[in-house]
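Text of coords07.tsv (TSV, N, CA and C atoms) as supplied:
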```tsv
chain	number	residue	atom	x	y	z
A	908	GLU	N	-12.18	-45.14	3.93
A	908	GLU	CA	-12.69	-45.46	2.61
A	908	GLU	C	-12.25	-46.86	2.23
A	909	TYR	N	-12.99	-47.51	1.38
A	909	TYR	CA	-12.62	-48.83	0.90
A	909	TYR	C	-11.64	-48.67	-0.25
A	910	ILE	N	-10.63	-49.53	-0.28
A	910	ILE	CA	-9.61	-49.46	-1.33
A	910	ILE	C	-9.39	-50.84	-1.93
A	911	HIS	N	-8.71	-50.87	-3.04
A	911	HIS	CA	-8.29	-52.12	-3.67
A	911	HIS	C	-6.77	-52.13	-3.71
A	912	LEU	N	-6.19	-53.29	-3.53
A	912	LEU	CA	-4.73	-53.41	-3.55
A	912	LEU	C	-4.25	-53.76	-4.94
A	913	PRO	N	-3.10	-53.32	-5.35
A	913	PRO	CA	-2.18	-52.46	-4.62
A	913	PRO	C	-2.74	-51.04	-4.50
A	914	HIS	N	-2.25	-50.31	-3.51
A	914	HIS	CA	-2.79	-48.98	-3.21
A	914	HIS	C	-1.70	-48.08	-2.66
A	915	SER	N	-1.80	-46.79	-2.94
A	915	SER	CA	-0.94	-45.78	-2.35
A	915	SER	C	-1.83	-44.62	-1.92
A	916	TYR	N	-1.73	-44.23	-0.67
A	916	TYR	CA	-2.66	-43.23	-0.14
A	916	TYR	C	-2.40	-41.83	-0.68
A	917	ASN	N	-1.25	-41.57	-1.27
A	917	ASN	CA	-0.97	-40.21	-1.73
A	917	ASN	C	-0.59	-40.11	-3.20
A	918	THR	N	-1.15	-40.93	-4.04
A	918	THR	CA	-0.80	-40.90	-5.47
A	918	THR	C	-1.26	-39.62	-6.15
A	919	GLU	N	-2.25	-38.93	-5.59
A	919	GLU	CA	-2.76	-37.70	-6.20
A	919	GLU	C	-2.06	-36.44	-5.69
A	920	ASP	N	-1.31	-36.53	-4.60
A	920	ASP	CA	-0.71	-35.34	-3.99
A	920	ASP	C	0.17	-34.55	-4.94
A	921	ALA	N	0.92	-35.23	-5.77
A	921	ALA	CA	1.85	-34.54	-6.68
A	921	ALA	C	1.13	-33.67	-7.71
A	922	PHE	N	-0.16	-33.92	-7.93
A	922	PHE	CA	-0.92	-33.19	-8.93
A	922	PHE	C	-1.65	-31.97	-8.35
A	923	HIS	N	-1.59	-31.79	-7.03
A	923	HIS	CA	-2.26	-30.67	-6.37
A	923	HIS	C	-1.20	-29.67	-5.91
A	924	THR	N	-0.91	-28.69	-6.73
A	924	THR	CA	0.16	-27.75	-6.44
A	924	THR	C	-0.22	-26.72	-5.38
A	925	GLN	N	-1.49	-26.57	-5.08
A	925	GLN	CA	-1.93	-25.57	-4.12
A	925	GLN	C	-1.83	-26.06	-2.67
A	926	GLN	N	-1.61	-27.32	-2.46
A	926	GLN	CA	-1.53	-27.85	-1.11
A	926	GLN	C	-0.24	-28.62	-0.93
A	927	LYS	N	0.18	-28.78	0.32
A	927	LYS	CA	1.37	-29.55	0.61
A	927	LYS	C	1.03	-31.04	0.59
A	928	MET	N	2.00	-31.84	0.19
A	928	MET	CA	1.80	-33.28	0.17
A	928	MET	C	1.87	-33.84	1.59
A	929	TYR	N	0.94	-34.75	1.92
A	929	TYR	CA	0.95	-35.43	3.22
A	929	TYR	C	2.05	-36.48	3.20
A	930	LYS	N	2.90	-36.48	4.21
A	930	LYS	CA	4.01	-37.43	4.27
A	930	LYS	C	4.01	-38.23	5.57
A	931	GLY	N	2.88	-38.33	6.22
A	931	GLY	CA	2.81	-39.02	7.51
A	931	GLY	C	2.39	-40.47	7.39
A	932	GLU	N	1.95	-41.00	8.52
A	932	GLU	CA	1.51	-42.40	8.60
A	932	GLU	C	0.18	-42.60	7.88
A	933	ALA	N	0.00	-43.81	7.41
A	933	ALA	CA	-1.30	-44.24	6.87
A	933	ALA	C	-1.59	-45.61	7.47
A	934	TRP	N	-2.84	-45.84	7.81
A	934	TRP	CA	-3.26	-47.10	8.40
A	934	TRP	C	-4.23	-47.81	7.48
A	935	TYR	N	-4.08	-49.13	7.39
A	935	TYR	CA	-4.99	-49.98	6.63
A	935	TYR	C	-5.53	-51.03	7.59
A	936	TYR	N	-6.83	-51.30	7.50
A	936	TYR	CA	-7.49	-52.27	8.39
A	936	TYR	C	-8.27	-53.28	7.56
A	937	LYS	N	-8.28	-54.51	8.04
A	937	LYS	CA	-9.05	-55.57	7.38
A	937	LYS	C	-9.49	-56.56	8.44
A	938	LYS	N	-10.75	-57.00	8.36
A	938	LYS	CA	-11.24	-58.07	9.24
A	938	LYS	C	-11.48	-59.30	8.38
A	939	VAL	N	-10.99	-60.44	8.85
A	939	VAL	CA	-11.17	-61.71	8.14
A	939	VAL	C	-11.57	-62.78	9.14
A	940	PHE	N	-12.44	-63.68	8.71
A	940	PHE	CA	-12.86	-64.78	9.57
A	940	PHE	C	-11.90	-65.94	9.41
A	941	LEU	N	-11.54	-66.57	10.52
A	941	LEU	CA	-10.60	-67.68	10.48
A	941	LEU	C	-11.21	-68.92	11.09
A	942	LYS	N	-11.27	-69.97	10.29
A	942	LYS	CA	-11.67	-71.27	10.81
A	942	LYS	C	-10.48	-71.87	11.55
A	943	PRO	N	-10.70	-72.85	12.42
A	943	PRO	CA	-9.59	-73.43	13.17
A	943	PRO	C	-8.50	-74.00	12.26
A	944	ILE	N	-7.27	-73.74	12.65
A	944	ILE	CA	-6.11	-74.28	11.93
A	944	ILE	C	-5.49	-75.34	12.84
A	945	VAL	N	-5.45	-76.57	12.36
A	945	VAL	CA	-4.89	-77.65	13.16
A	945	VAL	C	-3.58	-78.09	12.53
A	946	ASP	N	-2.52	-78.07	13.32
A	946	ASP	CA	-1.20	-78.52	12.87
A	946	ASP	C	-0.70	-77.82	11.61
A	947	LYS	N	-1.04	-76.55	11.44
A	947	LYS	CA	-0.57	-75.77	10.30
A	947	LYS	C	-0.14	-74.40	10.79
A	948	SER	N	0.67	-73.76	10.00
A	948	SER	CA	1.11	-72.40	10.32
A	948	SER	C	0.41	-71.41	9.40
A	949	ALA	N	0.13	-70.23	9.93
A	949	ALA	CA	-0.52	-69.17	9.14
A	949	ALA	C	0.44	-68.00	9.02
A	950	TYR	N	0.46	-67.40	7.83
A	950	TYR	CA	1.34	-66.27	7.56
A	950	TYR	C	0.60	-65.21	6.76
A	951	LEU	N	1.01	-63.97	6.95
A	951	LEU	CA	0.59	-62.88	6.08
A	951	LEU	C	1.79	-62.54	5.21
A	952	HIS	N	1.56	-62.46	3.91
A	952	HIS	CA	2.65	-62.13	2.99
A	952	HIS	C	2.35	-60.80	2.32
A	953	PHE	N	3.30	-59.90	2.33
A	953	PHE	CA	3.17	-58.60	1.69
A	953	PHE	C	4.16	-58.54	0.54
A	954	GLU	N	3.69	-58.09	-0.60
A	954	GLU	CA	4.57	-58.01	-1.77
A	954	GLU	C	5.45	-56.78	-1.75
A	955	GLY	N	5.12	-55.81	-0.91
A	955	GLY	CA	5.98	-54.64	-0.77
A	955	GLY	C	5.25	-53.49	-0.11
A	956	ILE	N	5.94	-52.80	0.79
A	956	ILE	CA	5.43	-51.62	1.46
A	956	ILE	C	6.58	-50.62	1.50
A	957	LEU	N	6.28	-49.36	1.23
A	957	LEU	CA	7.33	-48.35	1.17
A	957	LEU	C	8.00	-48.15	2.53
A	958	GLN	N	9.27	-48.34	2.61
A	958	GLN	CA	10.19	-48.02	3.70
A	958	GLN	C	9.96	-48.74	5.02
A	959	TYR	N	8.78	-48.61	5.64
A	959	TYR	CA	8.61	-49.11	7.00
A	959	TYR	C	7.16	-49.53	7.21
A	960	ALA	N	6.97	-50.65	7.89
A	960	ALA	CA	5.61	-51.11	8.19
A	960	ALA	C	5.56	-51.78	9.56
A	961	GLU	N	4.46	-51.55	10.27
A	961	GLU	CA	4.14	-52.29	11.48
A	961	GLU	C	2.86	-53.05	11.20
A	962	VAL	N	2.84	-54.35	11.53
A	962	VAL	CA	1.68	-55.19	11.29
A	962	VAL	C	1.13	-55.65	12.64
A	963	TYR	N	-0.15	-55.38	12.86
A	963	TYR	CA	-0.84	-55.76	14.10
A	963	TYR	C	-1.91	-56.79	13.77
A	964	ILE	N	-2.01	-57.79	14.62
A	964	ILE	CA	-3.08	-58.78	14.49
A	964	ILE	C	-3.82	-58.80	15.82
A	965	ASN	N	-5.10	-58.50	15.77
A	965	ASN	CA	-5.94	-58.43	16.97
A	965	ASN	C	-5.33	-57.52	18.04
A	966	GLY	N	-4.82	-56.38	17.59
A	966	GLY	CA	-4.31	-55.37	18.50
A	966	GLY	C	-2.90	-55.60	19.03
A	967	LYS	N	-2.26	-56.69	18.61
A	967	LYS	CA	-0.90	-56.98	19.09
A	967	LYS	C	0.08	-56.86	17.93
A	968	LEU	N	1.24	-56.28	18.23
A	968	LEU	CA	2.26	-56.12	17.20
A	968	LEU	C	2.79	-57.49	16.79
A	969	ALA	N	2.58	-57.84	15.52
A	969	ALA	CA	3.01	-59.14	15.02
A	969	ALA	C	4.34	-59.06	14.30
A	970	GLY	N	4.70	-57.89	13.80
A	970	GLY	CA	5.97	-57.77	13.11
A	970	GLY	C	6.21	-56.38	12.58
A	971	ILE	N	7.49	-56.10	12.32
A	971	ILE	CA	7.93	-54.83	11.75
A	971	ILE	C	8.79	-55.15	10.53
A	972	HIS	N	8.63	-54.34	9.48
A	972	HIS	CA	9.46	-54.52	8.29
A	972	HIS	C	10.08	-53.18	7.91
A	973	LYS	N	11.39	-53.19	7.65
A	973	LYS	CA	12.10	-52.01	7.17
A	973	LYS	C	12.73	-52.39	5.83
A	974	GLY	N	12.45	-51.61	4.81
A	974	GLY	CA	13.03	-51.88	3.50
A	974	GLY	C	12.05	-51.52	2.41
A	975	GLY	N	12.41	-50.58	1.58
A	975	GLY	CA	11.49	-50.06	0.58
A	975	GLY	C	11.07	-51.07	-0.47
A	976	TYR	N	9.79	-51.27	-0.58
A	976	TYR	CA	9.16	-52.06	-1.63
A	976	TYR	C	9.64	-53.51	-1.72
A	977	THR	N	10.16	-54.05	-0.65
A	977	THR	CA	10.58	-55.45	-0.69
A	977	THR	C	9.52	-56.32	-0.02
A	978	ALA	N	9.40	-57.54	-0.48
A	978	ALA	CA	8.41	-58.47	0.05
A	978	ALA	C	8.83	-58.94	1.45
A	979	PHE	N	7.82	-59.27	2.28
A	979	PHE	CA	8.10	-59.82	3.60
A	979	PHE	C	6.90	-60.64	4.06
A	980	THR	N	7.15	-61.50	5.05
A	980	THR	CA	6.13	-62.41	5.57
A	980	THR	C	6.10	-62.30	7.10
A	981	ILE	N	4.90	-62.33	7.66
A	981	ILE	CA	4.70	-62.26	9.11
A	981	ILE	C	4.05	-63.56	9.58
A	982	ALA	N	4.64	-64.22	10.56
A	982	ALA	CA	4.04	-65.41	11.17
A	982	ALA	C	2.88	-64.97	12.05
A	983	CYS	N	1.75	-65.66	11.97
A	983	CYS	CA	0.52	-65.20	12.62
A	983	CYS	C	0.01	-66.06	13.77
A	984	ASN	N	0.41	-67.30	13.87
A	984	ASN	CA	-0.22	-68.24	14.79
A	984	ASN	C	-0.35	-67.73	16.22
A	985	ASP	N	0.65	-67.03	16.73
A	985	ASP	CA	0.62	-66.59	18.13
A	985	ASP	C	-0.40	-65.48	18.38
A	986	PHE	N	-0.99	-64.92	17.34
A	986	PHE	CA	-1.89	-63.77	17.48
A	986	PHE	C	-3.34	-64.07	17.10
A	987	LEU	N	-3.58	-65.27	16.57
A	987	LEU	CA	-4.90	-65.60	16.04
A	987	LEU	C	-5.85	-66.09	17.11
A	988	ILE	N	-7.13	-65.79	16.91
A	988	ILE	CA	-8.22	-66.28	17.75
A	988	ILE	C	-9.10	-67.12	16.83
A	989	HIS	N	-9.07	-68.42	16.98
A	989	HIS	CA	-9.78	-69.30	16.06
A	989	HIS	C	-11.29	-69.19	16.19
A	990	ASN	N	-11.97	-69.39	15.07
A	990	ASN	CA	-13.42	-69.30	14.96
A	990	ASN	C	-13.94	-67.90	15.25
A	991	GLU	N	-13.13	-66.88	15.03
A	991	GLU	CA	-13.55	-65.49	15.21
A	991	GLU	C	-12.96	-64.64	14.09
A	992	TYR	N	-13.47	-63.42	13.99
A	992	TYR	CA	-12.89	-62.47	13.06
A	992	TYR	C	-11.56	-61.97	13.59
A	993	GLN	N	-10.59	-61.87	12.70
A	993	GLN	CA	-9.28	-61.35	13.04
A	993	GLN	C	-9.19	-59.92	12.50
A	994	GLU	N	-8.68	-59.01	13.31
A	994	GLU	CA	-8.46	-57.66	12.81
A	994	GLU	C	-6.98	-57.49	12.47
A	995	ILE	N	-6.72	-57.17	11.21
A	995	ILE	CA	-5.37	-56.94	10.74
A	995	ILE	C	-5.24	-55.43	10.53
A	996	ALA	N	-4.22	-54.85	11.13
A	996	ALA	CA	-3.96	-53.42	10.95
A	996	ALA	C	-2.51	-53.26	10.50
A	997	VAL	N	-2.32	-52.43	9.49
A	997	VAL	CA	-0.98	-52.20	8.96
A	997	VAL	C	-0.74	-50.70	8.91
A	998	MET	N	0.36	-50.28	9.50
A	998	MET	CA	0.75	-48.88	9.42
A	998	MET	C	1.93	-48.78	8.47
```
What would the structure in this file look like if it were written as structure tokens?
Amino acid sequence: EYIHLPHSYNTEDAFHTQQKMYKGEAWYYKKVFLKPIVDKSAYLHFEGILQYAEVYINGKLAGIHKGGYTAFTIACNDFLIHNEYQEIAVM
């Protein structure tokens, strides 16, 4: 489904008493087009993710973050394919 950020995949679980709350992994995907970057660095900045996150760029692990709701930044240059769509996946 399409979502808007900020987002939490289980904000409604606490209101459904007849079912158990899902506490597993959630994946978010985004494709973005990247023009060539010359002599510059590219980063992804996250304002906060609960407890643990793995960030993949074009199928390769770009970084891991541990720490509840704290901001973090991932360096991207080694994973980018210029003049193509980049697939960003966050678990």
> Nearest to Tyr976 of chain A among A:Tyr929, A:Glu954, A:Val962, A:Ile988, with distances taken over all atoms listed in the file: which residue is it?
Replying inline: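 Of A:Tyr929, A:Glu954, A:Val962, A:Ile988, the one nearest Tyr976 of chain A, counting all atoms listed in the file, is A:Glu954.
Using only N, CA and C atoms, the shortest contact distance between Gly966 of chain A and any of A:Thr980, A:Ala996, A:Val945, A:Glu991 is found at A:Ala996.
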> How would you write, as number ranges by chain, the set of residues in chain A that DSSP gives as strand (DSSP E)?
Replying inline: A: 935-941, 950-953, 959-964, 967-973, 979-982, 991-997
> For the atom pair atom CA of Gly975 of chain A and atom N of Ala960 of chain A, what is the interatomic distance in Å to one decimal place?
Replying inline: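 Going from atom CA of Gly975 of chain A over to atom N of Ala960 of chain A, I get 8.6 Å.
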>> Could you check which residues have any atom within 7 Å of (0.0, -51.8, 7.2), counting all atoms listed in the file with coordinates taken straight from the file, and then list them as a ChimeraX atom specification?
In response: /A:933-936,960-963,996-998
>> Residues within 8 Å of (-7.7, -67.1, 15.8), file coordinates, counting all atoms listed in the file: what are they? Give the list as a list of chain:residue names.
In response: A:Phe940, A:Leu941, A:Lys942, A:Pro943, A:Ile944, A:Asn984, A:Asp985, A:Phe986, A:Leu987, A:Ile988, A:His989, A:Asn990, A:Glu991, A:Tyr992, A:Gln993
Quick one: write out the picked residues with N, CA and C atoms as a short mmCIF file (atom, residue, chain, number, x, y, z; two decimals), in the coordinates of the input?
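Output contents, as saved in again21.cif:
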```
data_model
loop_
_atom_site.label_atom_id
_atom_site.label_comp_id
_atom_site.auth_asym_id
_atom_site.auth_seq_id
_atom_site.Cartn_x
_atom_site.Cartn_y
_atom_site.Cartn_z
N PHE A 940 -12.44 -63.68 8.71
CA PHE A 940 -12.86 -64.78 9.57
C PHE A 940 -11.90 -65.94 9.41
N LEU A 941 -11.54 -66.57 10.52
CA LEU A 941 -10.60 -67.68 10.48
C LEU A 941 -11.21 -68.92 11.09
N LYS A 942 -11.27 -69.97 10.29
CA LYS A 942 -11.67 -71.27 10.81
C LYS A 942 -10.48 -71.87 11.55
N PRO A 943 -10.70 -72.85 12.42
CA PRO A 943 -9.59 -73.43 13.17
C PRO A 943 -8.50 -74.00 12.26
N ILE A 944 -7.27 -73.74 12.65
CA ILE A 944 -6.11 -74.28 11.93
C ILE A 944 -5.49 -75.34 12.84
N ASN A 984 0.41 -67.30 13.87
CA ASN A 984 -0.22 -68.24 14.79
C ASN A 984 -0.35 -67.73 16.22
N ASP A 985 0.65 -67.03 16.73
CA ASP A 985 0.62 -66.59 18.13
C ASP A 985 -0.40 -65.48 18.38
N PHE A 986 -0.99 -64.92 17.34
CA PHE A 986 -1.89 -63.77 17.48
C PHE A 986 -3.34 -64.07 17.10
N LEU A 987 -3.58 -65.27 16.57
CA LEU A 987 -4.90 -65.60 16.04
C LEU A 987 -5.85 -66.09 17.11
N ILE A 988 -7.13 -65.79 16.91
CA ILE A 988 -8.22 -66.28 17.75
C ILE A 988 -9.10 -67.12 16.83
N HIS A 989 -9.07 -68.42 16.98
CA HIS A 989 -9.78 -69.30 16.06
C HIS A 989 -11.29 -69.19 16.19
N ASN A 990 -11.97 -69.39 15.07
CA ASN A 990 -13.42 -69.30 14.96
C ASN A 990 -13.94 -67.90 15.25
N GLU A 991 -13.13 -66.88 15.03
CA GLU A 991 -13.55 -65.49 15.21
C GLU A 991 -12.96 -64.64 14.09
N TYR A 992 -13.47 -63.42 13.99
CA TYR A 992 -12.89 -62.47 13.06
C TYR A 992 -11.56 -61.97 13.59
N GLN A 993 -10.59 -61.87 12.70
CA GLN A 993 -9.28 -61.35 13.04
C GLN A 993 -9.19 -59.92 12.50
#
```
>> One decimal, in Å: what's the spacing between atom CA of Cys983 of chain A and atom CA of Leu957 of chain A?
In response: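 Answer for the atom CA of Cys983 of chain A to atom CA of Leu957 of chain A separation: 21.5 Å.
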>> From a backbone DSSP assignment, name each residue in chain A labelled helix (DSSP H, G or I), as a PyMOL selection string.
In response: chain A and resi 920-922+984-986
> Got a sec: who's within 10 Å of Gly955 of chain A, counting only C-alpha atoms, leaving out chain neighbours fewer than 4 positions off, as a PyMOL selection string?
Replying inline: chain A and resi 913+959-960+972+974-979
> Quick one, how far is atom CA of Ala982 of chain A from atom CA of Gln958 of chain A?
Replying inline: 19.9 Å
>> Please determine, counting only N, CA and C atoms, which residue among A:Ile910, A:Lys937, A:Tyr916, A:Phe953 has the shortest atom-to-atom distance to Ile995 of chain A.
In response: A:Lys937
